[in-house]
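Before any comments, here is the structure.
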Amino acid sequence: MDTRYNPSNIETAVQQRWQDSNAFAVTEDPRREKFYCLSMFPYPSGKLHMGHVRNYTIGDVISRYQRMRGRNVLQPMGWDAFGLPAENAAIDNKVPPARWTYANIDYMRGQLQRLGFAYDWSREIATCKPDYYRWEQWFFTRLYEKGLVYKRTAAVNWCPTDETVLANEQVIDGCCWRCDTRVVRKEIPQWFIRITAYADELLAGLDNLPGWPEQVKTMQRNWIGRSEGVEVDFELAAGAEKLAIFTTRPDTIMGVTYMAVAAEHPLALRAAENNPAVAAFIEECRHAGTAEAELETMEKKGMPLGLEAVHPLTGGRIPLWVANFVLMGYGTGAVMAVPAHDQRDHEFARKYGLPITPVIFPADGGDPGIDEAAYVESGVLKNSGTFDGLPSEQAKGAIADALEQSGHGRRQRHYRLRDWGVSRQRYWGAPIPFFNLPDGGVIPVPPERLPVLLPEEVAMDGVRSPIKQDPVWRKAEHAGRAVERETDTFDTFIESSWYYARFCCPDQDQGMLDERVHYWLPVDQYIGGIEHAVLHLLYARFFHRLMRDLGLVRHDEPFANLLTQGMVLKDGAKMSKSKGNTVDPQRMIDQYGADTVRLFIMFAAPPDQSLEWSDSAVEGAFRFLKRLWKFADQVVALPRIDLAACQLDAEQRQVLCRIHETIVKVNDDIGRRYTFNTAIAAVMELMNTLQRLDPANAGNQALLHAGLDAVARLLAPIVPHITQAIWEALGHTEMLIDAPWPEANPEFMQREEITLAVQVNGKRRDEIRVPVDATEDAIKEAAMNSENTRRFVAGRDLRRVIVIPGRLVNIVLA
RNA sequence: GCCGGAGUGGCGGAAUUGGUAGACGCGCCAGACUCAAAAUCUGGUUCAGGCAACUGAGUGGGGGUUCGAUUCCCUUCUCCGGCACCA
């Protein structure tokens, strides 16, 4: 053993050994319990950032732990390779997106290997390759046959100067990021997948996911947003038209004082024809973005249309407005407004001097107090004709009945969740496999003509997609007719919605998936950033059900357990190029080695919390490994003494006890709690204990060997290189990854005496040592007689004494 | 704006089911080794008072429940994540 800790030599040699023995390649083995551990695959942006390192270290620690526990562990890795940044890089560097992407993949693969992650590289996937995306093209055409995909118009951000669609992140303060032109909303035809048809199932499924964090399930429930309400038809005062709205508060319907429609609503457009003010307002509305956050925070504006609707129950006239906060395409594009009982309606009514009529009053007979803000709670109805006196909950039913009986409405279930728009007007994505006909019809590309290949050697002009401006690519023939290929590509969330299944059978070229998925799925542990709590994780759950309904997979849910990791911060802020506070993982690996980086990142915080980067704490992690190395070097030089042959004294028995307590603690922290930081702290404590032992004593020599053996195994998942090298120095020939996880022996963990805290009125005043089997009375007596306690108890009335076994005694005084 | 989180020493964090607040590490201080420095090792380190024993205060702020609250409830402030075309 080299007396100096040299991480780069150690790590190179150990990684070579793993590679030579093909240590992480796995195949299905029905006799063994499988464990599928998956970290969210990265977008190949160029090089790894600390968020990746954290994500993949967590996954690797869990994988290596499960392997030592005897499981057949699958840990694959791949590349979420389509996406917008490649197009931007292509323009900046005059390199085709494909070439840029493949170069990034090659570099980042090298970085992952240098970090020593136990991946089965034979299963590597890049989603931009035809052998991957052909299957989602095939799948999409199957969904079309089942009626689960459809085409309709939807709004996009449009730059009139560049004549191109912009992503939300490309819109800065309402303007195009490249040319600063004001962006407008434009309706264009797009493809949708009917996720709403699965809304109920996706909602109910959350109840069967005990291995998911409650916060993520809550976010998904709120996102789906199921609500029960009534769709109500308001007839227009002039003409026979109807205006349908949805409300969850039919009890407030007598308080409707105005209605509002979206700027794109046919009624608004018609009113604009002979009302220039309305036309100007609608034009202004076109400049609002498509992002919900923007729409919700912008100033609410509106304008009367000069039209009136008829209240379905009272027959009263209600003015119709056009408003910028009502959106076409979300629901019916129209809302009823009850300013007394809805805050947004209240603000709007006050701004434009519209009447505010309270119809719900607090049940205790108080005043709803609607001058300053809406009264949004439930209560008792007033000013509501025959419904007066009913509590809100009853009134909802009664009014719904009345509307249904008069033919003016129907009870309805409503979702906040909207169908999944998957069309992107970009080049670097999987082409949507359809032929467009001159008459506007569409034909799915037949399976034998898939994949629809995306050309890779292209020049990007920065505005138009190369396939959109290539007439040769667009031109195709179907059944003897001239047709045109669809030039929109898929949302990249499609690729990431099924990659976890493809990892089970990445080489299958006759189908999307094969029977191997039945062995590996579901994923036992999925690890990724909390920022994916809703979109990616909901789409993947949805896609999994679509695959299930085509008979491709068996379970309902793709991910049995989910771990959402926090951000990596520096100086309290998320690392980003614009803030200039990034730390390059590569520099850290070069300077300290992979083990130090892994150790720091697992020690600095529990995985679900944000992690504050600290150069000096990295230094500390490195120092610990140096100390571990030196300690191991000293221990392997000692005579090997069998613990069973030793007569240990009381102090030595306590050290043995601590070794076994540490095994219990680390096993629980890694295997159940996922608090790797406390697992590492426990091993550090054990090391501190072991290093205080006098190595000249024979009993201590046995303890040091036993202790080092335990430390090497317990730290193996976290710092796999240094522990493997120590393992070899201890004389083992088989690899540490194949050694069994240590087991604690309860025989060594029995204690004779324990320490209890003594409190007086809840304040800690002293401590006592008592035999483990002491009776409650004996404990009380010892507590009352302890020196410091007596000073506080003296001369005061004793109320009671509370004994918490194994913890403390609380003496309560009057 | 809406939804979901997080606030504990100088810093990262620990306290697992309501039971000894500050484990472990960083930093800092002192000491050892050294001509000296680095490295390493040993000890100390929540704040205030005290030579000390010890005492008082203390988990973003305010209030509550309890023998006992970082933990449960109400309220409030600040920061972070998501909001459907960034991934």
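Starting from 1 in every chain, residues are counted up; chains themselves are A, B, ... following the order of the structure tokens, and ligands are numbered from 1 as listed.
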Review point. Got a sec: who's within 10 Å of stretch 6-14 of chain B, counting only C-alpha atoms (C1' of nucleotides), leaving out chain neighbours fewer than 6 positions off, as a VMD selection string?
Key: (chain A and resid 603 to 606 609 to 614 617 677 to 678 681) or (chain B and resid 21 to 28 45 to 47 58 to 60 70 78 to 80)
Exercise for review: Using only C-alpha atoms (C1' of nucleotides), find which residues of chain B lie within 7 Å of chain A and jot them down as a list in words.
Suggested key: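 So the contacting residues turn out to be G1, C3, G4, G12, G13, G19, U20, C24, C26, C67, G68, G81, G82, C83, C85, C86 and A87 of chain B.
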Within 7 Å of stretch 590-599 of chain A, which residues of stretch 690-746 of chain A come that close, and what is the closest atom pair and distance in Å for each? Count only C-alpha atoms and give it as CSV.
```
residue,atom,partner,partner_atom,distance
A:Ile718,CA,A:Leu599,CA,6.3
A:Val719,CA,A:Asp595,CA,4.8
A:His721,CA,A:Asp595,CA,6.7
```
Check your understanding: Could you name the residues that touch stretch 31-40 of chain B at 12 Å or less, counting only C-alpha atoms (C1' of nucleotides), but leaving out those on the same chain fewer than 3 positions away, as a VMD selection string?
Key -> (chain A and resid 623 626 to 627 630) or (chain B and resid 43 to 44)
Selection to disk with C-alpha atoms (C1' of nucleotides), as a tab-separated table (two decimals), in the first residue's frame:
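What landed in selection.tsv:
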```
chain	number	residue	atom	x	y	z
A	623	ARG	CA	-8.75	15.54	4.28
A	626	LYS	CA	-6.39	11.18	3.35
A	627	ARG	CA	-6.93	10.28	7.00
A	630	LYS	CA	-3.37	6.66	6.36
B	43	G	C1'	-7.59	20.72	22.78
B	44	G	C1'	-11.44	24.60	22.71
```
Practice item. Please run DSSP on the backbone and report, as a ChimeraX atom specification, all residues within stretch 221-280 of chain A that come out as strand (DSSP E or B). Key: /A:227-236,242-247,258-261
I need the chosen residues saved as a PDB file, in the first residue's frame, with N, CA and C atoms.
```
ATOM      1  N   SER A 227     -62.462  19.529 -10.521  1.00  0.00           N
ATOM      2  CA  SER A 227     -63.486  20.238  -9.747  1.00  0.00           C
ATOM      3  C   SER A 227     -64.858  19.873 -10.293  1.00  0.00           C
ATOM      4  N   GLU A 228     -65.836  19.911  -9.389  1.00  0.00           N
ATOM      5  CA  GLU A 228     -67.216  19.620  -9.778  1.00  0.00           C
ATOM      6  C   GLU A 228     -67.942  20.959  -9.884  1.00  0.00           C
ATOM      7  N   GLY A 229     -68.706  21.126 -10.928  1.00  0.00           N
ATOM      8  CA  GLY A 229     -69.414  22.388 -11.086  1.00  0.00           C
ATOM      9  C   GLY A 229     -70.553  22.256 -12.078  1.00  0.00           C
ATOM     10  N   VAL A 230     -70.937  23.378 -12.629  1.00  0.00           N
ATOM     11  CA  VAL A 230     -72.070  23.408 -13.546  1.00  0.00           C
ATOM     12  C   VAL A 230     -71.679  24.205 -14.775  1.00  0.00           C
ATOM     13  N   GLU A 231     -72.030  23.662 -15.943  1.00  0.00           N
ATOM     14  CA  GLU A 231     -71.890  24.455 -17.151  1.00  0.00           C
ATOM     15  C   GLU A 231     -73.234  25.140 -17.380  1.00  0.00           C
ATOM     16  N   VAL A 232     -73.190  26.449 -17.490  1.00  0.00           N
ATOM     17  CA  VAL A 232     -74.439  27.226 -17.580  1.00  0.00           C
ATOM     18  C   VAL A 232     -74.500  27.936 -18.925  1.00  0.00           C
ATOM     19  N   ASP A 233     -75.675  27.874 -19.564  1.00  0.00           N
ATOM     20  CA  ASP A 233     -75.874  28.607 -20.818  1.00  0.00           C
ATOM     21  C   ASP A 233     -76.545  29.935 -20.532  1.00  0.00           C
ATOM     22  N   PHE A 234     -75.916  31.009 -20.965  1.00  0.00           N
ATOM     23  CA  PHE A 234     -76.540  32.334 -20.912  1.00  0.00           C
ATOM     24  C   PHE A 234     -76.958  32.682 -22.333  1.00  0.00           C
ATOM     25  N   GLU A 235     -78.222  32.985 -22.520  1.00  0.00           N
ATOM     26  CA  GLU A 235     -78.655  33.387 -23.855  1.00  0.00           C
ATOM     27  C   GLU A 235     -78.357  34.858 -24.062  1.00  0.00           C
ATOM     28  N   LEU A 236     -78.070  35.218 -25.300  1.00  0.00           N
ATOM     29  CA  LEU A 236     -77.852  36.634 -25.602  1.00  0.00           C
ATOM     30  C   LEU A 236     -79.204  37.325 -25.739  1.00  0.00           C
ATOM     31  N   LYS A 242     -76.077  31.349 -27.685  1.00  0.00           N
ATOM     32  CA  LYS A 242     -75.863  31.022 -26.280  1.00  0.00           C
ATOM     33  C   LYS A 242     -74.392  31.219 -25.939  1.00  0.00           C
ATOM     34  N   LEU A 243     -74.168  31.598 -24.700  1.00  0.00           N
ATOM     35  CA  LEU A 243     -72.799  31.737 -24.215  1.00  0.00           C
ATOM     36  C   LEU A 243     -72.659  30.774 -23.032  1.00  0.00           C
ATOM     37  N   ALA A 244     -71.812  29.768 -23.196  1.00  0.00           N
ATOM     38  CA  ALA A 244     -71.657  28.773 -22.134  1.00  0.00           C
ATOM     39  C   ALA A 244     -70.482  29.145 -21.232  1.00  0.00           C
ATOM     40  N   ILE A 245     -70.682  28.959 -19.926  1.00  0.00           N
ATOM     41  CA  ILE A 245     -69.595  29.194 -18.975  1.00  0.00           C
ATOM     42  C   ILE A 245     -69.572  28.026 -17.991  1.00  0.00           C
ATOM     43  N   PHE A 246     -68.418  27.847 -17.312  1.00  0.00           N
ATOM     44  CA  PHE A 246     -68.326  26.824 -16.268  1.00  0.00           C
ATOM     45  C   PHE A 246     -68.094  27.512 -14.937  1.00  0.00           C
ATOM     46  N   THR A 247     -68.809  27.058 -13.908  1.00  0.00           N
ATOM     47  CA  THR A 247     -68.555  27.615 -12.574  1.00  0.00           C
ATOM     48  C   THR A 247     -68.601  26.517 -11.524  1.00  0.00           C
ATOM     49  N   TYR A 258     -71.819  40.873 -14.371  1.00  0.00           N
ATOM     50  CA  TYR A 258     -71.323  41.052 -15.732  1.00  0.00           C
ATOM     51  C   TYR A 258     -70.720  39.731 -16.194  1.00  0.00           C
ATOM     52  N   MET A 259     -70.422  39.644 -17.482  1.00  0.00           N
ATOM     53  CA  MET A 259     -69.749  38.465 -18.018  1.00  0.00           C
ATOM     54  C   MET A 259     -68.601  38.933 -18.886  1.00  0.00           C
ATOM     55  N   ALA A 260     -67.603  38.035 -19.068  1.00  0.00           N
ATOM     56  CA  ALA A 260     -66.459  38.441 -19.877  1.00  0.00           C
ATOM     57  C   ALA A 260     -66.077  37.322 -20.825  1.00  0.00           C
ATOM     58  N   VAL A 261     -65.673  37.707 -22.037  1.00  0.00           N
ATOM     59  CA  VAL A 261     -65.203  36.724 -23.016  1.00  0.00           C
ATOM     60  C   VAL A 261     -63.764  37.048 -23.391  1.00  0.00           C
TER      61      VAL A 261
END
```
Review point. Hey, what's within 7 Å of A:Arg416 if we count only C-alpha atoms (C1' of nucleotides) and toss same-chain stuff fewer than 3 positions away? As a ChimeraX atom specification, please?
Key: /A:223-226
Exercise for review: Apply DSSP to the backbone of this structure and, from stretch 571-711 of chain A, keep only the residues in helix (DSSP H, G or I); write these as a PyMOL selection string.
Suggested key: chain A and resi 585-592+594-603+615-636+643-645+650-673+676-691+698-711
**Study point:** stretch 576-583 of chain A surroundings by only C-alpha atoms (C1' of nucleotides), 8 Å radius, close-in-sequence under 3 positions cut, as a PyMOL selection string
**Key:** chain A and resi 49-50+570-571
Atoms kept (N, CA and C atoms) for selection, written as an mmCIF file, in the first residue's frame:
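Full text of out08.cif as output:
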```cif
data_model
loop_
_atom_site.group_PDB
_atom_site.id
_atom_site.type_symbol
_atom_site.label_atom_id
_atom_site.label_comp_id
_atom_site.auth_asym_id
_atom_site.auth_seq_id
_atom_site.Cartn_x
_atom_site.Cartn_y
_atom_site.Cartn_z
ATOM 1 N N HIS A 49 -22.743 19.708 -15.098
ATOM 2 C CA HIS A 49 -22.723 20.723 -14.051
ATOM 3 C C HIS A 49 -22.958 20.027 -12.713
ATOM 4 N N MET A 50 -22.857 20.789 -11.627
ATOM 5 C CA MET A 50 -22.914 20.176 -10.298
ATOM 6 C C MET A 50 -24.256 19.502 -10.024
ATOM 7 N N LYS A 570 -24.489 28.288 -4.927
ATOM 8 C CA LYS A 570 -23.231 28.896 -4.495
ATOM 9 C C LYS A 570 -23.570 30.303 -4.044
ATOM 10 N N ASP A 571 -23.080 30.675 -2.875
ATOM 11 C CA ASP A 571 -23.400 31.981 -2.285
ATOM 12 C C ASP A 571 -24.910 32.190 -2.216
#
```
Check your understanding: Looking at only C-alpha atoms, which of A:Gly329, A:Gly528, A:Gly441, A:Gly289 is the one that sits closest to A:Asp173?
Key ->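 Looking at the shortest contact to A:Asp173, the residue is A:Gly289.
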Practice item. For stretch 556-565 of chain A, please output as an MDAnalysis selection string all residues within 8 Å (counting only C-alpha atoms (C1' of nucleotides); exclusion window: fewer than 5 positions along the same chain). Key: chainID A and resid 55 205 209:213 521:530 533 540:541 544:545 548 607:610
Point to revise | Long-range neighbours of stretch 483-485 of chain A as a list in words, 12 Å cut-off, only C-alpha atoms (C1' of nucleotides), 6 positions minimum in chain | key: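 Selected residues are Pro431, Ile432, Pro433, Phe434, Phe435, Asn436, Leu437, Pro438, Asp439, Gly440, Gly441, Val442, Ile443, Pro444, Val445, Val452, Leu453, Leu454, Ile467, Lys468, Gln469, Asp470, Pro471, Val472, Trp473, Arg474, Lys475, Ala476 and Glu477 of chain A.
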Go ahead and write the residues just picked, C-alpha atoms, as a PDB file, in the first residue's frame.
```pdb
ATOM      1  CA  PRO A 431     -40.550  14.623 -37.020  1.00  0.00           C
ATOM      2  CA  ILE A 432     -44.266  14.133 -36.407  1.00  0.00           C
ATOM      3  CA  PRO A 433     -45.117  11.169 -38.673  1.00  0.00           C
ATOM      4  CA  PHE A 434     -47.957  12.527 -40.794  1.00  0.00           C
ATOM      5  CA  PHE A 435     -48.603  13.374 -44.412  1.00  0.00           C
ATOM      6  CA  ASN A 436     -50.567  16.533 -45.051  1.00  0.00           C
ATOM      7  CA  LEU A 437     -52.975  16.541 -47.969  1.00  0.00           C
ATOM      8  CA  PRO A 438     -53.623  19.573 -50.156  1.00  0.00           C
ATOM      9  CA  ASP A 439     -57.235  19.695 -48.918  1.00  0.00           C
ATOM     10  CA  GLY A 440     -56.130  19.937 -45.272  1.00  0.00           C
ATOM     11  CA  GLY A 441     -56.577  16.257 -44.448  1.00  0.00           C
ATOM     12  CA  VAL A 442     -53.904  14.157 -42.717  1.00  0.00           C
ATOM     13  CA  ILE A 443     -52.694  10.564 -43.113  1.00  0.00           C
ATOM     14  CA  PRO A 444     -50.438   8.844 -40.594  1.00  0.00           C
ATOM     15  CA  VAL A 445     -47.180   7.600 -42.086  1.00  0.00           C
ATOM     16  CA  VAL A 452     -39.439   9.629 -40.797  1.00  0.00           C
ATOM     17  CA  LEU A 453     -35.778  10.558 -40.746  1.00  0.00           C
ATOM     18  CA  LEU A 454     -34.567  13.941 -39.633  1.00  0.00           C
ATOM     19  CA  ILE A 467     -36.849  20.867 -42.883  1.00  0.00           C
ATOM     20  CA  LYS A 468     -39.503  23.580 -43.239  1.00  0.00           C
ATOM     21  CA  GLN A 469     -37.492  25.338 -45.935  1.00  0.00           C
ATOM     22  CA  ASP A 470     -36.418  22.178 -47.770  1.00  0.00           C
ATOM     23  CA  PRO A 471     -38.994  21.474 -50.519  1.00  0.00           C
ATOM     24  CA  VAL A 472     -37.316  18.188 -51.378  1.00  0.00           C
ATOM     25  CA  TRP A 473     -37.620  16.903 -47.809  1.00  0.00           C
ATOM     26  CA  ARG A 474     -41.221  18.046 -47.580  1.00  0.00           C
ATOM     27  CA  LYS A 475     -42.224  16.345 -50.793  1.00  0.00           C
ATOM     28  CA  ALA A 476     -43.581  12.814 -50.507  1.00  0.00           C
ATOM     29  CA  GLU A 477     -45.980  10.443 -52.174  1.00  0.00           C
TER      30      GLU A 477
END
```
